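Structure file model_9.cif (mmCIF, C-alpha atoms and all ligand atoms) is printed below.
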```cif
data_model
loop_
_atom_site.label_atom_id
_atom_site.label_comp_id
_atom_site.auth_asym_id
_atom_site.auth_seq_id
_atom_site.Cartn_x
_atom_site.Cartn_y
_atom_site.Cartn_z
CA MET A 1 11.76 -14.28 9.33
CA GLN A 2 12.94 -17.14 7.14
CA ASN A 3 12.43 -19.64 9.94
CA ILE A 4 8.79 -18.56 10.41
CA ARG A 5 8.24 -18.85 6.66
CA LEU A 6 9.89 -22.26 6.60
CA ARG A 7 7.61 -23.57 9.39
CA LYS A 8 4.56 -22.36 7.51
CA ILE A 9 5.68 -24.16 4.35
CA GLN A 10 6.38 -27.32 6.34
CA ASN A 11 2.85 -27.20 7.75
CA LYS A 12 1.48 -26.83 4.22
CA ILE A 13 3.45 -29.87 3.08
CA LYS A 14 2.11 -31.92 5.99
CA SER A 15 -1.45 -31.28 4.84
CA SER A 16 -0.66 -31.79 1.14
CA GLU A 17 -0.44 -34.89 -1.01
CA GLY A 18 3.33 -34.65 -1.25
CA ASP A 19 6.16 -35.63 1.08
CA ALA A 20 8.43 -32.75 0.11
CA LEU A 21 8.46 -29.53 -1.91
CA LEU A 22 11.10 -28.59 -4.49
CA ILE A 23 11.50 -24.82 -4.95
CA VAL A 24 13.27 -23.44 -8.01
CA LYS A 25 11.52 -20.12 -8.73
CA PRO A 26 14.03 -17.42 -7.71
CA GLU A 27 11.63 -15.22 -5.75
CA ASN A 28 10.21 -18.18 -3.86
CA ARG A 29 13.72 -19.41 -3.09
CA LEU A 30 14.75 -15.99 -1.79
CA TYR A 31 11.56 -15.70 0.26
CA VAL A 32 11.95 -19.01 2.07
CA SER A 33 15.73 -19.02 2.48
CA GLY A 34 17.25 -15.54 2.18
CA PHE A 35 19.64 -16.87 -0.49
CA THR A 36 20.22 -14.25 -3.20
CA GLY A 37 22.33 -16.31 -5.62
CA THR A 38 21.03 -17.21 -9.04
CA SER A 39 21.30 -20.99 -8.91
CA ALA A 40 20.02 -23.29 -6.17
CA PHE A 41 17.32 -25.88 -5.55
CA ILE A 42 15.49 -25.97 -2.27
CA VAL A 43 14.01 -29.13 -0.85
CA ILE A 44 11.70 -28.86 2.14
CA THR A 45 10.27 -31.85 3.99
CA PRO A 46 8.02 -31.56 7.06
CA LEU A 47 11.12 -31.72 9.29
CA GLU A 48 14.15 -30.84 7.19
CA SER A 49 15.28 -28.19 4.75
CA TYR A 50 18.06 -28.37 2.15
CA LEU A 51 19.61 -25.87 -0.20
CA ILE A 52 21.30 -27.77 -3.01
CA THR A 53 23.71 -25.70 -5.06
CA ASP A 54 27.08 -25.86 -6.76
CA PHE A 55 30.60 -24.90 -5.77
CA ARG A 56 30.12 -21.24 -6.78
CA TYR A 57 27.47 -20.60 -4.16
CA VAL A 58 28.31 -22.84 -1.20
CA GLU A 59 29.96 -20.14 0.89
CA GLN A 60 27.27 -17.59 0.14
CA ALA A 61 24.49 -20.07 0.91
CA ASN A 62 26.05 -20.96 4.26
CA LYS A 63 26.03 -17.28 5.22
CA GLN A 64 22.61 -16.36 3.86
CA ALA A 65 20.54 -19.45 4.63
CA PRO A 66 21.40 -20.64 8.16
CA GLU A 67 18.10 -22.52 8.46
CA TYR A 68 19.16 -24.85 5.66
CA THR A 69 21.55 -27.75 5.27
CA ILE A 70 23.73 -26.67 2.35
CA VAL A 71 24.63 -29.40 -0.13
CA ASP A 72 27.16 -29.09 -2.99
CA TYR A 73 25.76 -31.30 -5.73
CA GLY A 74 29.10 -31.67 -7.50
CA SER A 75 28.60 -32.75 -11.10
CA ASP A 76 25.20 -34.45 -10.99
CA PHE A 77 22.30 -32.48 -9.53
CA LEU A 78 19.65 -35.11 -10.15
CA ALA A 79 21.68 -37.92 -8.55
CA CYS A 80 22.22 -35.67 -5.53
CA LEU A 81 18.54 -34.75 -5.35
CA LYS A 82 17.47 -38.38 -5.62
CA LYS A 83 19.82 -39.41 -2.83
CA CYS A 84 18.48 -36.67 -0.57
CA LEU A 85 14.85 -37.54 -1.28
CA THR A 86 15.45 -41.28 -0.84
CA GLU A 87 17.16 -40.74 2.52
CA HIS A 88 13.99 -39.00 3.71
CA ASN A 89 11.72 -41.64 2.26
CA VAL A 90 10.08 -39.13 -0.08
CA LYS A 91 7.66 -40.91 -2.40
CA SER A 92 6.02 -37.91 -3.96
CA LEU A 93 7.70 -34.58 -4.65
CA LEU A 94 5.73 -31.37 -5.13
CA PHE A 95 7.13 -29.00 -7.76
CA GLU A 96 6.20 -25.50 -8.97
CA GLU A 97 3.92 -26.29 -11.91
CA ASP A 98 3.86 -22.72 -13.22
CA TYR A 99 7.63 -22.43 -13.40
CA ILE A 100 9.15 -25.74 -14.45
CA THR A 101 9.54 -26.35 -18.17
CA TYR A 102 8.25 -29.48 -19.84
CA ALA A 103 11.83 -30.51 -20.64
CA GLN A 104 12.85 -30.23 -16.97
CA PHE A 105 9.79 -32.17 -15.91
CA GLN A 106 10.57 -35.00 -18.30
CA SER A 107 14.19 -35.18 -17.30
CA TRP A 108 13.36 -35.18 -13.58
CA GLN A 109 10.64 -37.76 -14.05
CA ASN A 110 13.08 -40.11 -15.76
CA SER A 111 15.92 -39.62 -13.31
CA LEU A 112 13.99 -39.62 -10.04
CA GLN A 113 11.97 -42.81 -10.55
CA PRO A 114 10.26 -44.30 -8.61
CA ILE A 115 9.63 -40.96 -6.88
CA GLN A 116 6.45 -39.35 -8.22
CA LEU A 117 6.40 -35.71 -9.26
CA LYS A 118 3.27 -33.82 -8.18
CA PRO A 119 2.36 -30.42 -9.66
CA ALA A 120 1.71 -27.75 -7.03
CA LYS A 121 0.71 -24.13 -7.39
CA ASN A 122 0.99 -21.09 -5.14
CA ILE A 123 2.26 -22.82 -1.99
CA VAL A 124 4.86 -20.10 -1.45
CA GLU A 125 3.03 -17.40 -3.45
CA ASN A 126 0.05 -17.56 -1.10
CA LEU A 127 2.33 -16.76 1.82
CA ARG A 128 4.06 -13.96 -0.08
CA VAL A 129 0.82 -12.12 -0.68
CA VAL A 130 0.70 -10.61 2.83
CA LYS A 131 3.83 -8.64 3.60
CA ASP A 132 5.53 -8.49 6.99
CA LYS A 133 7.16 -5.44 8.57
CA ASP A 134 10.57 -6.06 6.99
CA GLU A 135 9.10 -6.46 3.54
CA ILE A 136 7.04 -3.27 3.86
CA GLU A 137 10.19 -1.41 4.86
CA LEU A 138 11.99 -2.66 1.73
CA LEU A 139 9.04 -1.67 -0.48
CA HIS A 140 9.11 1.75 1.16
CA LYS A 141 12.82 2.16 0.50
CA ALA A 142 12.43 0.96 -3.11
CA THR A 143 9.71 3.57 -3.60
CA ASP A 144 11.76 6.36 -1.98
CA ILE A 145 14.66 5.62 -4.34
CA ALA A 146 12.38 5.79 -7.37
CA GLU A 147 10.81 9.06 -6.20
CA GLN A 148 14.08 10.80 -5.45
CA SER A 149 15.34 9.76 -8.88
CA PHE A 150 12.21 11.08 -10.55
CA ARG A 151 12.59 14.49 -8.90
CA LYS A 152 16.16 14.73 -10.18
CA VAL A 153 15.27 13.62 -13.68
CA LEU A 154 12.48 16.21 -14.00
CA ASN A 155 15.27 18.80 -14.25
CA ILE A 156 16.65 17.32 -17.46
CA ILE A 157 13.36 16.78 -19.28
CA LYS A 158 13.02 19.31 -22.08
CA PRO A 159 12.10 19.36 -25.76
CA GLY A 160 14.78 17.80 -27.90
CA ILE A 161 15.90 14.98 -25.63
CA ARG A 162 14.96 11.40 -26.35
CA GLU A 163 12.68 9.12 -24.35
CA ASN A 164 15.49 6.65 -23.80
CA GLU A 165 17.75 9.37 -22.38
CA VAL A 166 15.07 9.99 -19.74
CA ALA A 167 14.90 6.27 -19.00
CA LEU A 168 18.67 5.94 -18.80
CA GLU A 169 18.96 8.90 -16.44
CA LEU A 170 16.24 7.50 -14.19
CA GLU A 171 17.92 4.11 -14.03
CA TYR A 172 21.32 5.73 -13.38
CA GLN A 173 19.94 7.81 -10.51
CA MET A 174 18.18 4.78 -9.00
CA ARG A 175 21.41 2.78 -9.06
CA ARG A 176 23.27 5.69 -7.48
CA LEU A 177 20.73 5.70 -4.66
CA GLY A 178 21.23 2.02 -3.91
CA ALA A 179 18.87 0.16 -6.24
CA THR A 180 20.20 -3.11 -7.63
CA GLY A 181 18.39 -2.34 -10.87
CA PRO A 182 15.16 -1.10 -12.39
CA SER A 183 11.99 -3.05 -11.53
CA PHE A 184 11.31 -3.53 -15.26
CA GLU A 185 12.22 -1.93 -18.55
CA THR A 186 11.46 1.75 -17.91
CA ILE A 187 8.46 3.11 -19.77
CA VAL A 188 8.76 6.60 -21.21
CA ALA A 189 5.99 7.06 -23.76
CA SER A 190 5.43 10.53 -25.15
CA GLY A 191 2.96 12.09 -27.55
CA ILE A 192 1.06 9.60 -29.67
CA ARG A 193 3.23 6.84 -28.18
CA SER A 194 1.58 7.53 -24.80
CA SER A 195 -1.56 5.81 -26.02
CA MET A 196 0.41 2.54 -25.81
CA PRO A 197 0.10 1.56 -22.15
CA HIS A 198 3.44 -0.28 -22.20
CA GLY A 199 5.46 1.86 -24.57
CA VAL A 200 9.00 1.29 -23.36
CA ALA A 201 11.35 4.20 -23.97
CA SER A 202 12.26 4.65 -27.63
CA ASP A 203 14.49 7.07 -29.50
CA LYS A 204 11.52 9.41 -30.03
CA ILE A 205 12.36 13.03 -29.28
CA LEU A 206 10.23 14.80 -26.66
CA GLN A 207 8.09 17.62 -28.02
CA PRO A 208 6.21 20.43 -26.25
CA CYS A 209 2.53 19.99 -25.36
CA GLU A 210 2.57 16.16 -25.43
CA PHE A 211 1.78 13.85 -22.56
CA ILE A 212 4.76 11.85 -21.33
CA ILE A 213 3.94 8.71 -19.33
CA ILE A 214 6.82 7.63 -17.12
CA ASP A 215 6.33 4.24 -15.46
CA PHE A 216 9.28 2.87 -13.54
CA GLY A 217 10.56 1.42 -10.32
CA ALA A 218 13.63 0.39 -8.36
CA VAL A 219 14.60 -2.98 -6.90
CA TYR A 220 15.94 -2.79 -3.37
CA GLY A 221 16.71 -5.83 -1.22
CA GLY A 222 14.86 -7.93 -3.80
CA TYR A 223 11.67 -5.82 -3.53
CA HIS A 224 10.21 -3.84 -6.41
CA SER A 225 8.66 -0.42 -6.49
CA ASP A 226 6.29 0.62 -9.24
CA LEU A 227 4.98 4.10 -9.94
CA THR A 228 3.74 6.13 -12.85
CA ARG A 229 3.43 9.83 -13.43
CA THR A 230 2.23 11.60 -16.56
CA ILE A 231 3.72 14.99 -17.25
CA ILE A 232 3.67 17.51 -20.05
CA ILE A 233 6.21 19.98 -21.43
CA GLY A 234 4.49 23.35 -21.69
CA LYS A 235 0.81 23.98 -21.06
CA ALA A 236 -1.86 21.31 -21.36
CA ASN A 237 -4.86 22.06 -23.55
CA THR A 238 -8.48 21.73 -22.38
CA GLU A 239 -8.90 18.15 -23.54
CA GLN A 240 -5.60 17.05 -21.99
CA ARG A 241 -6.63 18.65 -18.70
CA LYS A 242 -9.95 16.85 -18.81
CA VAL A 243 -8.35 13.45 -19.40
CA TYR A 244 -5.80 14.04 -16.66
CA ARG A 245 -8.42 15.15 -14.16
CA ALA A 246 -10.63 12.15 -14.90
CA VAL A 247 -7.77 9.70 -14.34
CA LEU A 248 -6.64 11.43 -11.17
CA GLU A 249 -10.16 11.46 -9.73
CA ALA A 250 -10.62 7.78 -10.60
CA GLN A 251 -7.35 6.94 -8.92
CA CYS A 252 -8.19 8.93 -5.76
CA LYS A 253 -11.62 7.31 -5.54
CA ALA A 254 -10.08 3.85 -5.80
CA LEU A 255 -7.37 4.71 -3.26
CA ASP A 256 -10.05 5.89 -0.81
CA ALA A 257 -11.82 2.55 -1.16
CA VAL A 258 -8.79 0.34 -0.47
CA LYS A 259 -9.39 -1.58 2.75
CA PRO A 260 -9.49 -5.17 3.95
CA GLY A 261 -12.56 -7.05 2.78
CA ILE A 262 -13.16 -5.37 -0.55
CA THR A 263 -12.84 -7.61 -3.59
CA CYS A 264 -10.36 -6.67 -6.29
CA HIS A 265 -13.23 -6.67 -8.76
CA ASP A 266 -15.16 -4.05 -6.78
CA LEU A 267 -12.10 -1.86 -6.36
CA ASP A 268 -11.42 -1.96 -10.09
CA ASP A 269 -15.04 -1.14 -10.73
CA ILE A 270 -14.88 2.08 -8.68
CA ALA A 271 -12.21 3.54 -10.95
CA ARG A 272 -13.85 2.21 -14.10
CA LYS A 273 -17.29 3.63 -13.20
CA HIS A 274 -15.77 7.00 -12.50
CA LEU A 275 -14.08 7.07 -15.91
CA ALA A 276 -17.40 6.08 -17.46
CA LYS A 277 -18.88 9.39 -16.26
CA TYR A 278 -16.53 11.09 -18.69
CA GLY A 279 -17.04 8.50 -21.41
CA TYR A 280 -13.46 7.34 -20.94
CA ASP A 281 -14.04 3.83 -19.58
CA LYS A 282 -13.67 2.35 -23.06
CA PHE A 283 -10.14 3.77 -23.13
CA PHE A 284 -9.17 2.02 -19.89
CA GLY A 285 -8.25 -1.39 -21.26
CA HIS A 286 -6.13 -2.85 -18.49
CA SER A 287 -6.51 -3.84 -14.86
CA LEU A 288 -6.57 -1.30 -12.06
CA GLY A 289 -3.49 -2.82 -10.47
CA HIS A 290 -1.55 -5.78 -9.17
CA GLY A 291 0.32 -7.06 -6.17
CA VAL A 292 4.00 -6.15 -5.88
CA GLY A 293 6.83 -7.64 -3.87
CA LEU A 294 9.72 -9.92 -4.77
CA ALA A 295 8.10 -10.00 -8.22
CA ILE A 296 6.90 -6.92 -10.05
CA HIS A 297 3.56 -8.58 -10.77
CA GLU A 298 2.27 -10.98 -8.14
CA LYS A 299 -0.91 -11.80 -6.30
CA PRO A 300 -3.47 -10.32 -5.96
CA LYS A 301 -4.72 -9.43 -9.42
CA VAL A 302 -6.53 -6.14 -8.97
CA SER A 303 -8.77 -6.52 -12.01
CA PHE A 304 -12.37 -6.69 -13.19
CA GLY A 305 -12.53 -10.48 -13.13
CA SER A 306 -10.75 -10.98 -9.81
CA GLU A 307 -12.68 -12.23 -6.80
CA GLU A 308 -9.59 -12.03 -4.60
CA ILE A 309 -10.22 -10.10 -1.38
CA LEU A 310 -7.85 -7.49 -0.02
CA LEU A 311 -6.20 -8.34 3.28
CA THR A 312 -4.19 -6.24 5.71
CA GLY A 313 -0.55 -6.33 4.65
CA MET A 314 -1.08 -6.74 0.92
CA ALA A 315 0.97 -4.45 -1.34
CA ILE A 316 -0.91 -3.35 -4.45
CA THR A 317 -0.68 -0.75 -7.17
CA VAL A 318 -3.60 1.50 -8.08
CA GLU A 319 -3.05 2.65 -11.65
CA PRO A 320 -5.99 3.65 -13.80
CA GLY A 321 -5.21 5.02 -17.26
CA VAL A 322 -6.91 6.42 -20.31
CA TYR A 323 -5.35 5.91 -23.73
CA ILE A 324 -6.81 7.65 -26.74
CA SER A 325 -5.21 6.95 -30.07
CA GLN A 326 -3.78 10.14 -31.65
CA ILE A 327 -4.42 12.21 -28.47
CA GLY A 328 -2.25 10.28 -26.09
CA GLY A 329 -2.54 8.63 -22.74
CA VAL A 330 -2.50 9.34 -19.04
CA ARG A 331 -1.74 6.89 -16.25
CA ILE A 332 -1.21 7.64 -12.57
CA GLU A 333 0.10 4.86 -10.35
CA ASP A 334 0.80 4.62 -6.65
CA LEU A 335 1.93 1.66 -4.55
CA VAL A 336 -0.02 1.15 -1.33
CA ILE A 337 -0.05 -1.19 1.64
CA VAL A 338 -3.45 -2.35 2.86
CA THR A 339 -3.92 -1.57 6.57
CA ASP A 340 -6.68 -2.51 9.04
CA HIS A 341 -8.72 0.57 8.18
CA GLY A 342 -7.58 1.61 4.71
CA CYS A 343 -4.13 1.87 3.25
CA ILE A 344 -0.78 3.60 3.51
CA ASN A 345 0.36 5.15 0.27
CA LEU A 346 4.11 4.55 -0.15
CA THR A 347 4.20 6.98 -3.08
CA HIS A 348 4.52 10.61 -2.09
CA LEU A 349 5.14 12.35 -5.41
CA ASN A 350 2.68 15.12 -6.12
CA LYS A 351 -0.16 14.21 -8.46
CA ASP A 352 -1.13 17.62 -9.80
CA LEU A 353 -0.36 17.72 -13.50
CA ILE A 354 3.29 18.66 -13.90
CA GLU A 355 3.67 21.21 -16.67
CA LEU A 356 7.38 21.71 -17.27
CA ASN A 357 8.62 25.07 -18.49
MN MN B 401 2.28 -1.32 -12.24
#
```

As a first step, turn the structure in this file into structure tokens.
Amino acid sequence: MQNIRLRKIQNKIKSSEGDALLIVKPENRLYVSGFTGTSAFIVITPLESYLITDFRYVEQANKQAPEYTIVDYGSDFLACLKKCLTEHNVKSLLFEEDYITYAQFQSWQNSLQPIQLKPAKNIVENLRVVKDKDEIELLHKATDIAEQSFRKVLNIIKPGIRENEVALELEYQMRRLGATGPSFETIVASGIRSSMPHGVASDKILQPCEFIIIDFGAVYGGYHSDLTRTIIIGKANTEQRKVYRAVLEAQCKALDAVKPGITCHDLDDIARKHLAKYGYDKFFGHSLGHGVGLAIHEKPKVSFGSEEILLTGMAITVEPGVYISQIGGVRIEDLVIVTDHGCINLTHLNKDLIELN
């Protein structure tokens, strides 16, 4: 796969204003090379590809990135980079403008003269947006791990335990099942805290009859899963049932509409309009979803302002929510892959309101 990706990048460089591309962003580096280490610089020219790293990673890079010439930069990375670029007659070097700090830019600009640095955006990200078969399999596995963990953790949720105990248990189970870590800081937001869409687990004690939003995911093979379920300990009251039903219906409507060709704006609008029927749209203050892959949030943006169009092979979340101060919040999130005629939902957990005894 990496060689196909590399050829595509090389074609992009040929039609760009640069002679080479420098990749530093970890997920882009992993995507184009297969290298999982935490420190390396990738240089791609239309004909060559280099992975420049230090002593710690040379052996690993040789194993993981066979498409690349591995270079140990010794003690001076910039001198090594300049030599490599000069040998290939590179006059302008594209760099990831949304990742490099101003300090790095200045230091590179000084050291690499007379080579010009050219800001570039989304060269690799635009390729990452459509997932191939291997990537979909990893997303599937990452989702399975999260779901199995959730089922186990449901058994320990009861009044008296703390939100962060639930989060810890989920993360422990995910690691046991092969995850390299959680996709992000696990959200367990109960009671009035559930009206904070991103309430990470706190030391709040779970109480009966409160909503508990649990938003979490596992990383597997570099790929992230992302799912949310809202549960309750004991029986939900009429208002809680109404909020839950509205969110679930909005989510199902949006899921039914996922297919190639629809704009992200229109998809978002379907869920939002449905919530409006209940008067809840004003409590849905975030986007419907986002792309997921090597990063937890990546293209496309599935939001009201987004004109991006869904394509077969995209991986997106569909996660409407309603958050009412003092009553609490509900969010339901699935991760789906866009297919030629609709989508495959990777998330299989039941979506009826879970009322724990
Ligand atoms: Mn999400």

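Of the residues under consideration (A:Trp108, A:Tyr50, A:Phe184, A:Tyr73), A:Phe184 shows the shortest atom-to-atom contact distance to ligand MN 401 (chain B) when counting only C-alpha atoms and all ligand atoms.
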
Env. residues ligand MN 401 (chain B) / 9 Å / all atoms listed in the file / as JSON, numbers by chain = {"A": [215, 216, 217, 225, 226, 227, 228, 288, 289, 290, 291, 292, 296, 297, 316, 317, 318, 319, 333, 334, 335]}

Point out the residue among A:Ala218, A:Ile187, A:Ile157, A:Leu112 with the least atom-to-atom distance to A:Lys83, counting only C-alpha atoms.
->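 That would be A:Leu112, the residue with the smallest distance to A:Lys83.
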
Produce a table with one row for each residue of stretch 124-148 of chain A that has an atom at most 12 Å from any atom of stretch 15-30 of chain A, each row naming the nearest atom pair and its distance in Å at one decimal; use all atoms listed in the file; arrange rows by chain and rising residue number; format as CSV.
```
residue,atom,partner,partner_atom,distance
A:Val124,CA,A:Asn28,CA,6.2
A:Glu125,CA,A:Asn28,CA,7.2
A:Asn126,CA,A:Asn28,CA,10.5
A:Leu127,CA,A:Asn28,CA,9.8
A:Arg128,CA,A:Asn28,CA,8.4
A:Val129,CA,A:Asn28,CA,11.6
```

Please produce a file of those selected residues containing C-alpha atoms, as a PDB file, in the frame of the given file.
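Output below, filename part13.pdb:
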```pdb
ATOM      1  CA  VAL A 124       4.860 -20.100  -1.450  1.00  0.00           C
ATOM      2  CA  GLU A 125       3.030 -17.400  -3.450  1.00  0.00           C
ATOM      3  CA  ASN A 126       0.050 -17.560  -1.100  1.00  0.00           C
ATOM      4  CA  LEU A 127       2.330 -16.760   1.820  1.00  0.00           C
ATOM      5  CA  ARG A 128       4.060 -13.960  -0.080  1.00  0.00           C
ATOM      6  CA  VAL A 129       0.820 -12.120  -0.680  1.00  0.00           C
TER       7      VAL A 129
END
```

Using only C-alpha atoms: which of A:Thr180, A:Asn122, A:Thr38, A:Thr45 has the shortest distance to A:Ile13 =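 Ranked by minimum distance to A:Ile13, first place goes to A:Thr45.
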
Provide the atom CA of A:Lys121 to atom CA of A:Tyr102 distance in Å, to one decimal place.
->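 For atom CA of A:Lys121 relative to atom CA of A:Tyr102, the distance reads 15.5 Å.
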
Quick one, how far is atom CA of A:Arg331 from atom CA of A:Thr230?
->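 Separation between atom CA of A:Arg331 and atom CA of A:Thr230: 6.2 Å.
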
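Between atom CA of A:Ile332 and atom CA of A:Arg229 lies a distance of 5.2 Å.
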
Measuring atom to atom with all atoms listed in the file, identify which of A:Gly328, A:Val322, A:Asp54, A:Lys14 is nearest to A:Arg245.
->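 Ranking A:Gly328, A:Val322, A:Asp54, A:Lys14 by distance to A:Arg245, first place goes to A:Val322.
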